[in-house]
2 protein chains.
Amino acid sequence: MGTHQGFTLWFTGLSGAGKTTISDYLTEEFRRRGYKFEVLDGDVVRTHLSKGLGFSKEDRDTNILRIGFVANLLTRNGVATICCPISPYKETRDANRALIGEFVEVYVHATVDEIAANRDPKGLYKQAMAGEITGFTGVDDPYEVPEHPELVVDTMVQTPRESLQAVLTELVELGYLETDEVMVEGGRLHSGLTDLRVHESGNVVDES
Amino acid sequence: MGTHQGFTLWFTGLSGAGKTTISDYLTEEFRRRGYKFEVLDGDVVRTHLSKGLGFSKEDRDTNILRIGFVANLLTRNGVATICCPISPYKETRDANRALIGEFVEVYVHATVDEIAANRDPKGLYKQAMAGEITGFTGVDDPYEVPEHPELVVDTMVQTPRESLQAVLTELVELGYLETDEVMVEGGRLHSGLTDLRVHESGNVVDES
């Protein structure tokens, strides 16, 4: 593994917007480059760091700050750290930005209508829209759009490959990567159809 | 910072046994050597990772496994990670050993009588022995002595300097350090008198 500057790449956006998909592509690029990286995703965090926390604003904030605490430890030791919790609240995202410093916020955008129509095989958005699930980000729970993210990727119009390219290019511009060439093509990369994973509480697992 | 093999140095023992004192000495040695290191101590963990957890066996175990989860992320990215929670239960310590692999368990030994008599200016042990505080490790709550630690340091008979030397020598023998020479003498190093810090719950902060 090479030695490089640590940074945190913070994907924020609705469930189903494409955060995990882009993150999966990106880890392949980091791996190919010999970069040290870690992914703090919803599943892992809810199991190992935040068991017992629910989906109230306070618990969501605690979860996000906890991810930020760990991301900071990794980042300052030279690890490329990818976080992809929904993180609906601006204040907690900004608190992590202030803590970590080397912080790249990427807003992954898709509308509720698009996700509900095309990326929700389990029908969770539809259930939320029908009031059968509550506290669902983007439906009856708030999502605060980032005002000054380092990058916006719009998965309504971009392919995953194009979103990946945009992230790589941004990382080069910020000095965290040497080349934005996509080194891993096809193969492992999946269709972009998000299969929302359901947490034992009934919320989707990356709900944060 | 140099690149080196990551490992977790896990100090276990009663409150006041000397875990934090030895850890403080050791961080000076790591700093002087240009090692990447992190300390996951009671204060930091209880604030940033485990807020809301109490001191039941279940909560203690959750806290210890959470520390282990973070220590593993750091260790596998080349960080010398020092953990010094009481960690009274063998099973959770062993679970972290299995997870982390590069795991050096150091049992820091002193008796309750010694700590209560000489290292407890706030009188917490005396209160626990009088039944005024409950759930206190070593008094009315269990502490399971490690059966196969990599190292035992006995702070009843060793000076902190001697305990530090023993740890450094063990790290060299295990291949994690190149030299066991003590590079930082006197100065910053304090007396060895532990001033037990009290958690808001009334338990000492490194109670785990």
# chains A, B, ... in the order shown; residues from 1 in each chain; ligands from 1
>>> calpha_fit_and_write(fixed="chain A", moving="chain B", output="PDB file with C-alpha atoms, in the first residue's frame")
ATOM      1  CA  MET B   1       0.014   0.009  -0.018  1.00  0.00           C
ATOM      2  CA  GLY B   2       1.274   3.428  -0.932  1.00  0.00           C
ATOM      3  CA  THR B   3       1.445   6.358   1.411  1.00  0.00           C
ATOM      4  CA  HIS B   4      -0.838   9.196   0.448  1.00  0.00           C
ATOM      5  CA  GLN B   5      -2.754  12.060   1.956  1.00  0.00           C
ATOM      6  CA  GLY B   6      -5.827  10.955   3.831  1.00  0.00           C
ATOM      7  CA  PHE B   7      -9.214  12.405   3.068  1.00  0.00           C
ATOM      8  CA  THR B   8     -12.865  11.698   3.698  1.00  0.00           C
ATOM      9  CA  LEU B   9     -15.225  11.412   0.785  1.00  0.00           C
ATOM     10  CA  TRP B  10     -18.673  12.034   2.162  1.00  0.00           C
ATOM     11  CA  PHE B  11     -21.577  10.997  -0.052  1.00  0.00           C
ATOM     12  CA  THR B  12     -24.899  12.429   1.031  1.00  0.00           C
ATOM     13  CA  GLY B  13     -28.295  11.993  -0.578  1.00  0.00           C
ATOM     14  CA  LEU B  14     -31.544  10.078  -0.409  1.00  0.00           C
ATOM     15  CA  SER B  15     -31.742   6.321  -0.105  1.00  0.00           C
ATOM     16  CA  GLY B  16     -31.565   5.014  -3.634  1.00  0.00           C
ATOM     17  CA  ALA B  17     -29.890   8.118  -5.028  1.00  0.00           C
ATOM     18  CA  GLY B  18     -26.804   6.069  -5.890  1.00  0.00           C
ATOM     19  CA  LYS B  19     -24.350   6.685  -3.025  1.00  0.00           C
ATOM     20  CA  THR B  20     -23.410   3.052  -2.511  1.00  0.00           C
ATOM     21  CA  THR B  21     -23.216   2.341  -6.241  1.00  0.00           C
ATOM     22  CA  ILE B  22     -20.721   5.138  -6.814  1.00  0.00           C
ATOM     23  CA  SER B  23     -18.843   4.142  -3.674  1.00  0.00           C
ATOM     24  CA  ASP B  24     -18.521   0.565  -4.986  1.00  0.00           C
ATOM     25  CA  TYR B  25     -17.053   1.798  -8.247  1.00  0.00           C
ATOM     26  CA  LEU B  26     -14.705   4.075  -6.422  1.00  0.00           C
ATOM     27  CA  THR B  27     -13.305   1.406  -4.124  1.00  0.00           C
ATOM     28  CA  GLU B  28     -12.261  -0.544  -7.224  1.00  0.00           C
ATOM     29  CA  GLU B  29     -10.360   2.492  -8.410  1.00  0.00           C
ATOM     30  CA  PHE B  30      -8.693   2.957  -5.034  1.00  0.00           C
ATOM     31  CA  ARG B  31      -7.804  -0.723  -4.882  1.00  0.00           C
ATOM     32  CA  ARG B  32      -6.259  -0.630  -8.362  1.00  0.00           C
ATOM     33  CA  ARG B  33      -4.214   2.419  -7.359  1.00  0.00           C
ATOM     34  CA  GLY B  34      -2.950   0.698  -4.210  1.00  0.00           C
ATOM     35  CA  TYR B  35      -4.627   3.266  -2.012  1.00  0.00           C
ATOM     36  CA  LYS B  36      -5.440   2.574   1.592  1.00  0.00           C
ATOM     37  CA  PHE B  37      -9.169   2.990   1.921  1.00  0.00           C
ATOM     38  CA  GLU B  38     -12.068   2.124   4.182  1.00  0.00           C
ATOM     39  CA  VAL B  39     -15.793   2.316   3.610  1.00  0.00           C
ATOM     40  CA  LEU B  40     -18.031   3.245   6.512  1.00  0.00           C
ATOM     41  CA  ASP B  41     -21.382   2.263   5.124  1.00  0.00           C
ATOM     42  CA  GLY B  42     -24.794   2.086   6.706  1.00  0.00           C
ATOM     43  CA  ASP B  43     -24.756  -1.645   7.424  1.00  0.00           C
ATOM     44  CA  VAL B  44     -21.363  -1.697   9.070  1.00  0.00           C
ATOM     45  CA  VAL B  45     -21.949   1.398  11.121  1.00  0.00           C
ATOM     46  CA  ARG B  46     -25.390   0.435  12.348  1.00  0.00           C
ATOM     47  CA  THR B  47     -24.022  -2.954  13.416  1.00  0.00           C
ATOM     48  CA  HIS B  48     -20.705  -2.022  14.949  1.00  0.00           C
ATOM     49  CA  LEU B  49     -20.904   1.579  16.049  1.00  0.00           C
ATOM     50  CA  SER B  50     -24.501   2.579  16.469  1.00  0.00           C
ATOM     51  CA  LYS B  51     -26.483  -0.431  17.546  1.00  0.00           C
ATOM     52  CA  GLY B  52     -29.357   0.720  19.677  1.00  0.00           C
ATOM     53  CA  LEU B  53     -29.679   4.092  17.981  1.00  0.00           C
ATOM     54  CA  GLY B  54     -32.958   4.810  16.205  1.00  0.00           C
ATOM     55  CA  PHE B  55     -34.026   7.295  13.586  1.00  0.00           C
ATOM     56  CA  SER B  56     -34.991  10.344  15.616  1.00  0.00           C
ATOM     57  CA  LYS B  57     -33.103  13.511  14.731  1.00  0.00           C
ATOM     58  CA  GLU B  58     -31.000  13.129  17.847  1.00  0.00           C
ATOM     59  CA  ASP B  59     -30.096   9.525  17.118  1.00  0.00           C
ATOM     60  CA  ARG B  60     -29.395  10.264  13.474  1.00  0.00           C
ATOM     61  CA  ASP B  61     -27.090  13.087  14.524  1.00  0.00           C
ATOM     62  CA  THR B  62     -25.285  10.871  17.022  1.00  0.00           C
ATOM     63  CA  ASN B  63     -24.807   8.251  14.335  1.00  0.00           C
ATOM     64  CA  ILE B  64     -23.417  10.778  11.851  1.00  0.00           C
ATOM     65  CA  LEU B  65     -21.050  12.333  14.388  1.00  0.00           C
ATOM     66  CA  ARG B  66     -19.834   8.872  15.353  1.00  0.00           C
ATOM     67  CA  ILE B  67     -19.078   8.079  11.721  1.00  0.00           C
ATOM     68  CA  GLY B  68     -17.279  11.409  11.542  1.00  0.00           C
ATOM     69  CA  PHE B  69     -15.212  10.592  14.628  1.00  0.00           C
ATOM     70  CA  VAL B  70     -13.996   7.329  13.108  1.00  0.00           C
ATOM     71  CA  ALA B  71     -13.509   8.883   9.667  1.00  0.00           C
ATOM     72  CA  ASN B  72     -11.308  11.521  11.261  1.00  0.00           C
ATOM     73  CA  LEU B  73      -9.092   8.919  12.958  1.00  0.00           C
ATOM     74  CA  LEU B  74      -8.639   7.153   9.635  1.00  0.00           C
ATOM     75  CA  THR B  75      -8.201  10.296   7.556  1.00  0.00           C
ATOM     76  CA  ARG B  76      -5.459  11.749   9.730  1.00  0.00           C
ATOM     77  CA  ASN B  77      -3.604   8.452   9.382  1.00  0.00           C
ATOM     78  CA  GLY B  78      -3.551   8.584   5.603  1.00  0.00           C
ATOM     79  CA  VAL B  79      -6.629   6.539   4.738  1.00  0.00           C
ATOM     80  CA  ALA B  80      -9.046   7.415   1.931  1.00  0.00           C
ATOM     81  CA  THR B  81     -12.272   7.086   3.865  1.00  0.00           C
ATOM     82  CA  ILE B  82     -15.596   6.756   2.094  1.00  0.00           C
ATOM     83  CA  CYS B  83     -18.772   7.467   4.045  1.00  0.00           C
ATOM     84  CA  CYS B  84     -22.175   7.086   2.455  1.00  0.00           C
ATOM     85  CA  PRO B  85     -24.884   7.621   5.038  1.00  0.00           C
ATOM     86  CA  ILE B  86     -27.920   9.645   3.979  1.00  0.00           C
ATOM     87  CA  SER B  87     -26.864  12.300   6.548  1.00  0.00           C
ATOM     88  CA  PRO B  88     -29.911  14.505   6.030  1.00  0.00           C
ATOM     89  CA  TYR B  89     -28.894  17.350   8.329  1.00  0.00           C
ATOM     90  CA  LYS B  90     -26.579  20.126   7.214  1.00  0.00           C
ATOM     91  CA  GLU B  91     -25.380  20.954  10.712  1.00  0.00           C
ATOM     92  CA  THR B  92     -23.968  17.494  11.423  1.00  0.00           C
ATOM     93  CA  ARG B  93     -22.373  17.222   7.995  1.00  0.00           C
ATOM     94  CA  ASP B  94     -20.733  20.596   8.618  1.00  0.00           C
ATOM     95  CA  ALA B  95     -19.580  19.512  12.071  1.00  0.00           C
ATOM     96  CA  ASN B  96     -17.793  16.583  10.469  1.00  0.00           C
ATOM     97  CA  ARG B  97     -16.296  18.854   7.833  1.00  0.00           C
ATOM     98  CA  ALA B  98     -14.916  21.082  10.597  1.00  0.00           C
ATOM     99  CA  LEU B  99     -13.532  18.110  12.518  1.00  0.00           C
ATOM    100  CA  ILE B 100     -11.956  16.299   9.604  1.00  0.00           C
ATOM    101  CA  GLY B 101     -10.717  19.173   7.473  1.00  0.00           C
ATOM    102  CA  GLU B 102      -9.779  17.001   4.501  1.00  0.00           C
ATOM    103  CA  PHE B 103     -13.431  16.598   3.626  1.00  0.00           C
ATOM    104  CA  VAL B 104     -15.005  16.181   0.207  1.00  0.00           C
ATOM    105  CA  GLU B 105     -18.779  16.411   0.258  1.00  0.00           C
ATOM    106  CA  VAL B 106     -20.550  14.908  -2.721  1.00  0.00           C
ATOM    107  CA  TYR B 107     -24.254  15.447  -3.070  1.00  0.00           C
ATOM    108  CA  VAL B 108     -25.758  12.493  -4.903  1.00  0.00           C
ATOM    109  CA  HIS B 109     -29.005  13.690  -6.382  1.00  0.00           C
ATOM    110  CA  ALA B 110     -32.116  11.909  -7.558  1.00  0.00           C
ATOM    111  CA  THR B 111     -35.738  12.807  -6.898  1.00  0.00           C
ATOM    112  CA  VAL B 112     -38.104  10.801  -4.763  1.00  0.00           C
ATOM    113  CA  ASP B 113     -40.325  10.302  -7.814  1.00  0.00           C
ATOM    114  CA  GLU B 114     -37.461   8.872  -9.858  1.00  0.00           C
ATOM    115  CA  ILE B 115     -36.335   6.542  -7.072  1.00  0.00           C
ATOM    116  CA  ALA B 116     -39.860   5.401  -6.245  1.00  0.00           C
ATOM    117  CA  ALA B 117     -40.624   4.744  -9.909  1.00  0.00           C
ATOM    118  CA  ASN B 118     -37.427   3.040 -11.010  1.00  0.00           C
ATOM    119  CA  ARG B 119     -35.111   2.056  -8.166  1.00  0.00           C
ATOM    120  CA  ASP B 120     -37.258   0.653  -5.422  1.00  0.00           C
ATOM    121  CA  PRO B 121     -38.065  -3.003  -6.080  1.00  0.00           C
ATOM    122  CA  LYS B 122     -39.160  -3.541  -2.469  1.00  0.00           C
ATOM    123  CA  GLY B 123     -41.585  -0.647  -2.717  1.00  0.00           C
ATOM    124  CA  LEU B 124     -40.318   1.145   0.399  1.00  0.00           C
ATOM    125  CA  TYR B 125     -40.784   4.622  -1.011  1.00  0.00           C
ATOM    126  CA  LYS B 126     -44.309   3.755  -2.093  1.00  0.00           C
ATOM    127  CA  GLN B 127     -45.049   2.484   1.412  1.00  0.00           C
ATOM    128  CA  ALA B 128     -43.643   5.678   2.889  1.00  0.00           C
ATOM    129  CA  MET B 129     -45.649   7.810   0.475  1.00  0.00           C
ATOM    130  CA  ALA B 130     -48.755   5.854   1.494  1.00  0.00           C
ATOM    131  CA  GLY B 131     -47.985   6.515   5.150  1.00  0.00           C
ATOM    132  CA  GLU B 132     -47.277   2.866   5.949  1.00  0.00           C
ATOM    133  CA  ILE B 133     -43.686   3.672   6.975  1.00  0.00           C
ATOM    134  CA  THR B 134     -42.925   6.872   8.865  1.00  0.00           C
ATOM    135  CA  GLY B 135     -39.771   8.842   9.474  1.00  0.00           C
ATOM    136  CA  PHE B 136     -38.618   8.193   5.921  1.00  0.00           C
ATOM    137  CA  THR B 137     -36.080  10.709   4.649  1.00  0.00           C
ATOM    138  CA  GLY B 138     -37.325  12.666   1.665  1.00  0.00           C
ATOM    139  CA  VAL B 139     -40.929  11.643   2.195  1.00  0.00           C
ATOM    140  CA  ASP B 140     -42.083  12.614   5.686  1.00  0.00           C
ATOM    141  CA  ASP B 141     -38.642  13.269   7.226  1.00  0.00           C
ATOM    142  CA  PRO B 142     -36.388  16.148   6.164  1.00  0.00           C
ATOM    143  CA  TYR B 143     -33.428  16.084   3.838  1.00  0.00           C
ATOM    144  CA  GLU B 144     -31.396  19.285   3.804  1.00  0.00           C
ATOM    145  CA  VAL B 145     -29.707  19.746   0.447  1.00  0.00           C
ATOM    146  CA  PRO B 146     -26.010  20.700   0.688  1.00  0.00           C
ATOM    147  CA  GLU B 147     -25.471  24.328  -0.244  1.00  0.00           C
ATOM    148  CA  HIS B 148     -21.745  24.163  -0.887  1.00  0.00           C
ATOM    149  CA  PRO B 149     -20.742  20.587  -1.630  1.00  0.00           C
ATOM    150  CA  GLU B 150     -17.448  20.036  -3.409  1.00  0.00           C
ATOM    151  CA  LEU B 151     -19.391  18.172  -6.089  1.00  0.00           C
ATOM    152  CA  VAL B 152     -22.934  17.388  -7.163  1.00  0.00           C
ATOM    153  CA  VAL B 153     -23.559  14.210  -9.101  1.00  0.00           C
ATOM    154  CA  ASP B 154     -26.968  13.935 -10.664  1.00  0.00           C
ATOM    155  CA  THR B 155     -27.849  10.289 -11.143  1.00  0.00           C
ATOM    156  CA  MET B 156     -31.041  11.295 -12.955  1.00  0.00           C
ATOM    157  CA  VAL B 157     -28.977  12.156 -16.001  1.00  0.00           C
ATOM    158  CA  GLN B 158     -25.574  10.566 -15.398  1.00  0.00           C
ATOM    159  CA  THR B 159     -24.662   6.909 -15.736  1.00  0.00           C
ATOM    160  CA  PRO B 160     -22.774   5.474 -12.746  1.00  0.00           C
ATOM    161  CA  ARG B 161     -19.656   5.494 -14.939  1.00  0.00           C
ATOM    162  CA  GLU B 162     -20.102   9.206 -15.536  1.00  0.00           C
ATOM    163  CA  SER B 163     -20.656   9.910 -11.850  1.00  0.00           C
ATOM    164  CA  LEU B 164     -17.512   7.936 -11.039  1.00  0.00           C
ATOM    165  CA  GLN B 165     -15.590   9.989 -13.580  1.00  0.00           C
ATOM    166  CA  ALA B 166     -16.821  13.217 -12.023  1.00  0.00           C
ATOM    167  CA  VAL B 167     -15.715  12.117  -8.563  1.00  0.00           C
ATOM    168  CA  LEU B 168     -12.272  11.053  -9.780  1.00  0.00           C
ATOM    169  CA  THR B 169     -11.802  14.343 -11.600  1.00  0.00           C
ATOM    170  CA  GLU B 170     -12.779  16.292  -8.503  1.00  0.00           C
ATOM    171  CA  LEU B 171     -10.320  14.297  -6.399  1.00  0.00           C
ATOM    172  CA  VAL B 172      -7.538  15.128  -8.843  1.00  0.00           C
ATOM    173  CA  GLU B 173      -8.456  18.809  -8.773  1.00  0.00           C
ATOM    174  CA  LEU B 174      -8.332  18.757  -4.981  1.00  0.00           C
ATOM    175  CA  GLY B 175      -4.938  17.066  -5.050  1.00  0.00           C
ATOM    176  CA  TYR B 176      -5.983  13.758  -3.520  1.00  0.00           C
ATOM    177  CA  LEU B 177      -5.478  11.645  -6.638  1.00  0.00           C
ATOM    178  CA  GLU B 178      -2.828  11.786  -9.329  1.00  0.00           C
ATOM    179  CA  THR B 179      -4.960  10.712 -12.277  1.00  0.00           C
ATOM    180  CA  ASP B 180      -8.664  10.621 -12.958  1.00  0.00           C
ATOM    181  CA  GLU B 181      -8.359   7.844 -15.517  1.00  0.00           C
ATOM    182  CA  VAL B 182     -10.939   5.108 -14.896  1.00  0.00           C
ATOM    183  CA  MET B 183      -8.813   1.999 -14.486  1.00  0.00           C
ATOM    184  CA  VAL B 184     -11.447  -0.643 -13.817  1.00  0.00           C
ATOM    185  CA  GLU B 185     -14.024  -1.075 -16.581  1.00  0.00           C
ATOM    186  CA  GLY B 186     -17.217  -3.132 -16.681  1.00  0.00           C
ATOM    187  CA  GLY B 187     -17.005  -6.541 -15.070  1.00  0.00           C
ATOM    188  CA  ARG B 188     -17.784  -6.204 -11.430  1.00  0.00           C
ATOM    189  CA  LEU B 189     -19.743  -3.007 -11.832  1.00  0.00           C
ATOM    190  CA  HIS B 190     -23.431  -3.584 -11.509  1.00  0.00           C
ATOM    191  CA  SER B 191     -26.445  -2.065 -13.171  1.00  0.00           C
ATOM    192  CA  GLY B 192     -27.046   0.909 -10.966  1.00  0.00           C
ATOM    193  CA  LEU B 193     -30.392  -0.473  -9.859  1.00  0.00           C
ATOM    194  CA  THR B 194     -30.409   0.074  -6.143  1.00  0.00           C
ATOM    195  CA  ASP B 195     -31.880  -2.698  -4.088  1.00  0.00           C
ATOM    196  CA  LEU B 196     -32.717  -0.903  -0.874  1.00  0.00           C
ATOM    197  CA  ARG B 197     -31.677  -2.931   2.122  1.00  0.00           C
ATOM    198  CA  VAL B 198     -34.037  -2.997   5.031  1.00  0.00           C
ATOM    199  CA  HIS B 199     -32.866  -2.520   8.589  1.00  0.00           C
ATOM    200  CA  GLU B 200     -34.398  -4.593  11.349  1.00  0.00           C
ATOM    201  CA  SER B 201     -36.267  -1.483  12.438  1.00  0.00           C
ATOM    202  CA  GLY B 202     -37.997  -1.314   9.078  1.00  0.00           C
ATOM    203  CA  ASN B 203     -35.992   1.685   7.954  1.00  0.00           C
ATOM    204  CA  VAL B 204     -33.576   1.263   5.102  1.00  0.00           C
ATOM    205  CA  VAL B 205     -30.123   0.533   6.409  1.00  0.00           C
ATOM    206  CA  ASP B 206     -28.401   3.635   5.174  1.00  0.00           C
ATOM    207  CA  GLU B 207     -31.042   5.853   6.727  1.00  0.00           C
ATOM    208  CA  SER B 208     -29.065   8.319   8.754  1.00  0.00           C
TER     209      SER B 208
END
>>> select_by_dssp(residues="stretch 17-153 of chain A", states="helix (DSSP H, G or I)", output="MDAnalysis selection string")
chainID A and resid 19:32 42:48 57:75 90:100 112:118 124:129
>>> write_last_selection(atoms="C-alpha atoms", output="PDB file, in the first residue's frame")
ATOM      1  CA  LYS A  19     -24.349   6.697  -3.024  1.00  0.00           C
ATOM      2  CA  THR A  20     -23.424   3.061  -2.497  1.00  0.00           C
ATOM      3  CA  THR A  21     -23.230   2.356  -6.215  1.00  0.00           C
ATOM      4  CA  ILE A  22     -20.720   5.140  -6.794  1.00  0.00           C
ATOM      5  CA  SER A  23     -18.854   4.145  -3.662  1.00  0.00           C
ATOM      6  CA  ASP A  24     -18.541   0.567  -4.965  1.00  0.00           C
ATOM      7  CA  TYR A  25     -17.077   1.803  -8.230  1.00  0.00           C
ATOM      8  CA  LEU A  26     -14.716   4.080  -6.398  1.00  0.00           C
ATOM      9  CA  THR A  27     -13.321   1.411  -4.112  1.00  0.00           C
ATOM     10  CA  GLU A  28     -12.304  -0.552  -7.210  1.00  0.00           C
ATOM     11  CA  GLU A  29     -10.376   2.488  -8.399  1.00  0.00           C
ATOM     12  CA  PHE A  30      -8.700   2.955  -5.025  1.00  0.00           C
ATOM     13  CA  ARG A  31      -7.828  -0.729  -4.874  1.00  0.00           C
ATOM     14  CA  ARG A  32      -6.305  -0.648  -8.341  1.00  0.00           C
ATOM     15  CA  GLY A  42     -24.771   2.052   6.706  1.00  0.00           C
ATOM     16  CA  ASP A  43     -24.753  -1.659   7.437  1.00  0.00           C
ATOM     17  CA  VAL A  44     -21.362  -1.718   9.084  1.00  0.00           C
ATOM     18  CA  VAL A  45     -21.939   1.390  11.106  1.00  0.00           C
ATOM     19  CA  ARG A  46     -25.386   0.422  12.347  1.00  0.00           C
ATOM     20  CA  THR A  47     -24.015  -2.958  13.418  1.00  0.00           C
ATOM     21  CA  HIS A  48     -20.692  -2.028  14.957  1.00  0.00           C
ATOM     22  CA  LYS A  57     -33.107  13.503  14.725  1.00  0.00           C
ATOM     23  CA  GLU A  58     -30.983  13.136  17.853  1.00  0.00           C
ATOM     24  CA  ASP A  59     -30.090   9.525  17.107  1.00  0.00           C
ATOM     25  CA  ARG A  60     -29.399  10.262  13.461  1.00  0.00           C
ATOM     26  CA  ASP A  61     -27.098  13.090  14.518  1.00  0.00           C
ATOM     27  CA  THR A  62     -25.289  10.863  17.007  1.00  0.00           C
ATOM     28  CA  ASN A  63     -24.814   8.243  14.317  1.00  0.00           C
ATOM     29  CA  ILE A  64     -23.431  10.766  11.843  1.00  0.00           C
ATOM     30  CA  LEU A  65     -21.063  12.334  14.375  1.00  0.00           C
ATOM     31  CA  ARG A  66     -19.847   8.881  15.337  1.00  0.00           C
ATOM     32  CA  ILE A  67     -19.077   8.087  11.703  1.00  0.00           C
ATOM     33  CA  GLY A  68     -17.281  11.416  11.533  1.00  0.00           C
ATOM     34  CA  PHE A  69     -15.216  10.609  14.610  1.00  0.00           C
ATOM     35  CA  VAL A  70     -14.000   7.345  13.093  1.00  0.00           C
ATOM     36  CA  ALA A  71     -13.516   8.888   9.648  1.00  0.00           C
ATOM     37  CA  ASN A  72     -11.313  11.532  11.244  1.00  0.00           C
ATOM     38  CA  LEU A  73      -9.103   8.935  12.939  1.00  0.00           C
ATOM     39  CA  LEU A  74      -8.647   7.161   9.619  1.00  0.00           C
ATOM     40  CA  THR A  75      -8.208  10.299   7.542  1.00  0.00           C
ATOM     41  CA  LYS A  90     -26.577  20.130   7.232  1.00  0.00           C
ATOM     42  CA  GLU A  91     -25.372  20.966  10.721  1.00  0.00           C
ATOM     43  CA  THR A  92     -23.970  17.510  11.443  1.00  0.00           C
ATOM     44  CA  ARG A  93     -22.371  17.234   8.011  1.00  0.00           C
ATOM     45  CA  ASP A  94     -20.722  20.601   8.631  1.00  0.00           C
ATOM     46  CA  ALA A  95     -19.570  19.513  12.084  1.00  0.00           C
ATOM     47  CA  ASN A  96     -17.792  16.586  10.469  1.00  0.00           C
ATOM     48  CA  ARG A  97     -16.300  18.864   7.836  1.00  0.00           C
ATOM     49  CA  ALA A  98     -14.905  21.086  10.601  1.00  0.00           C
ATOM     50  CA  LEU A  99     -13.523  18.109  12.518  1.00  0.00           C
ATOM     51  CA  ILE A 100     -11.954  16.306   9.598  1.00  0.00           C
ATOM     52  CA  VAL A 112     -38.111  10.817  -4.766  1.00  0.00           C
ATOM     53  CA  ASP A 113     -40.316  10.306  -7.804  1.00  0.00           C
ATOM     54  CA  GLU A 114     -37.453   8.860  -9.840  1.00  0.00           C
ATOM     55  CA  ILE A 115     -36.349   6.549  -7.063  1.00  0.00           C
ATOM     56  CA  ALA A 116     -39.864   5.400  -6.240  1.00  0.00           C
ATOM     57  CA  ALA A 117     -40.631   4.753  -9.894  1.00  0.00           C
ATOM     58  CA  ASN A 118     -37.424   3.042 -11.008  1.00  0.00           C
ATOM     59  CA  LEU A 124     -40.294   1.135   0.422  1.00  0.00           C
ATOM     60  CA  TYR A 125     -40.764   4.624  -0.992  1.00  0.00           C
ATOM     61  CA  LYS A 126     -44.278   3.743  -2.069  1.00  0.00           C
ATOM     62  CA  GLN A 127     -45.016   2.468   1.420  1.00  0.00           C
ATOM     63  CA  ALA A 128     -43.633   5.663   2.894  1.00  0.00           C
ATOM     64  CA  MET A 129     -45.631   7.780   0.475  1.00  0.00           C
TER      65      MET A 129
END
>>> select_by_dssp(residues="chain B", states="strand (DSSP E or B)", output="VMD selection string")
chain B and resid 7 to 12 37 to 40 80 to 83 103 to 109 137 141 151 to 154 198 204
>>> decode(residues="stretch 127-167 of chain A", atoms="C-alpha atoms", output="PDB file, in the first residue's frame")
ATOM      1  CA  GLN A 127     -45.016   2.468   1.420  1.00  0.00           C
ATOM      2  CA  ALA A 128     -43.633   5.663   2.894  1.00  0.00           C
ATOM      3  CA  MET A 129     -45.631   7.780   0.475  1.00  0.00           C
ATOM      4  CA  ALA A 130     -48.728   5.832   1.485  1.00  0.00           C
ATOM      5  CA  GLY A 131     -47.965   6.518   5.136  1.00  0.00           C
ATOM      6  CA  GLU A 132     -47.242   2.876   5.925  1.00  0.00           C
ATOM      7  CA  ILE A 133     -43.669   3.666   6.962  1.00  0.00           C
ATOM      8  CA  THR A 134     -42.910   6.866   8.867  1.00  0.00           C
ATOM      9  CA  GLY A 135     -39.753   8.853   9.481  1.00  0.00           C
ATOM     10  CA  PHE A 136     -38.621   8.210   5.912  1.00  0.00           C
ATOM     11  CA  THR A 137     -36.084  10.714   4.643  1.00  0.00           C
ATOM     12  CA  GLY A 138     -37.334  12.666   1.666  1.00  0.00           C
ATOM     13  CA  VAL A 139     -40.933  11.649   2.196  1.00  0.00           C
ATOM     14  CA  ASP A 140     -42.076  12.627   5.684  1.00  0.00           C
ATOM     15  CA  ASP A 141     -38.651  13.271   7.233  1.00  0.00           C
ATOM     16  CA  PRO A 142     -36.376  16.147   6.180  1.00  0.00           C
ATOM     17  CA  TYR A 143     -33.418  16.099   3.839  1.00  0.00           C
ATOM     18  CA  GLU A 144     -31.405  19.311   3.813  1.00  0.00           C
ATOM     19  CA  VAL A 145     -29.708  19.777   0.462  1.00  0.00           C
ATOM     20  CA  PRO A 146     -26.002  20.734   0.703  1.00  0.00           C
ATOM     21  CA  GLU A 147     -25.463  24.360  -0.228  1.00  0.00           C
ATOM     22  CA  HIS A 148     -21.740  24.178  -0.877  1.00  0.00           C
ATOM     23  CA  PRO A 149     -20.737  20.601  -1.637  1.00  0.00           C
ATOM     24  CA  GLU A 150     -17.443  20.051  -3.417  1.00  0.00           C
ATOM     25  CA  LEU A 151     -19.383  18.187  -6.089  1.00  0.00           C
ATOM     26  CA  VAL A 152     -22.922  17.421  -7.170  1.00  0.00           C
ATOM     27  CA  VAL A 153     -23.565  14.233  -9.106  1.00  0.00           C
ATOM     28  CA  ASP A 154     -26.972  13.947 -10.673  1.00  0.00           C
ATOM     29  CA  THR A 155     -27.866  10.314 -11.136  1.00  0.00           C
ATOM     30  CA  MET A 156     -31.050  11.323 -12.950  1.00  0.00           C
ATOM     31  CA  VAL A 157     -28.967  12.175 -16.002  1.00  0.00           C
ATOM     32  CA  GLN A 158     -25.588  10.565 -15.398  1.00  0.00           C
ATOM     33  CA  THR A 159     -24.680   6.919 -15.715  1.00  0.00           C
ATOM     34  CA  PRO A 160     -22.796   5.478 -12.745  1.00  0.00           C
ATOM     35  CA  ARG A 161     -19.682   5.497 -14.934  1.00  0.00           C
ATOM     36  CA  GLU A 162     -20.117   9.225 -15.532  1.00  0.00           C
ATOM     37  CA  SER A 163     -20.661   9.911 -11.845  1.00  0.00           C
ATOM     38  CA  LEU A 164     -17.525   7.941 -11.035  1.00  0.00           C
ATOM     39  CA  GLN A 165     -15.599   9.985 -13.584  1.00  0.00           C
ATOM     40  CA  ALA A 166     -16.829  13.233 -12.029  1.00  0.00           C
ATOM     41  CA  VAL A 167     -15.718  12.128  -8.558  1.00  0.00           C
TER      42      VAL A 167
END
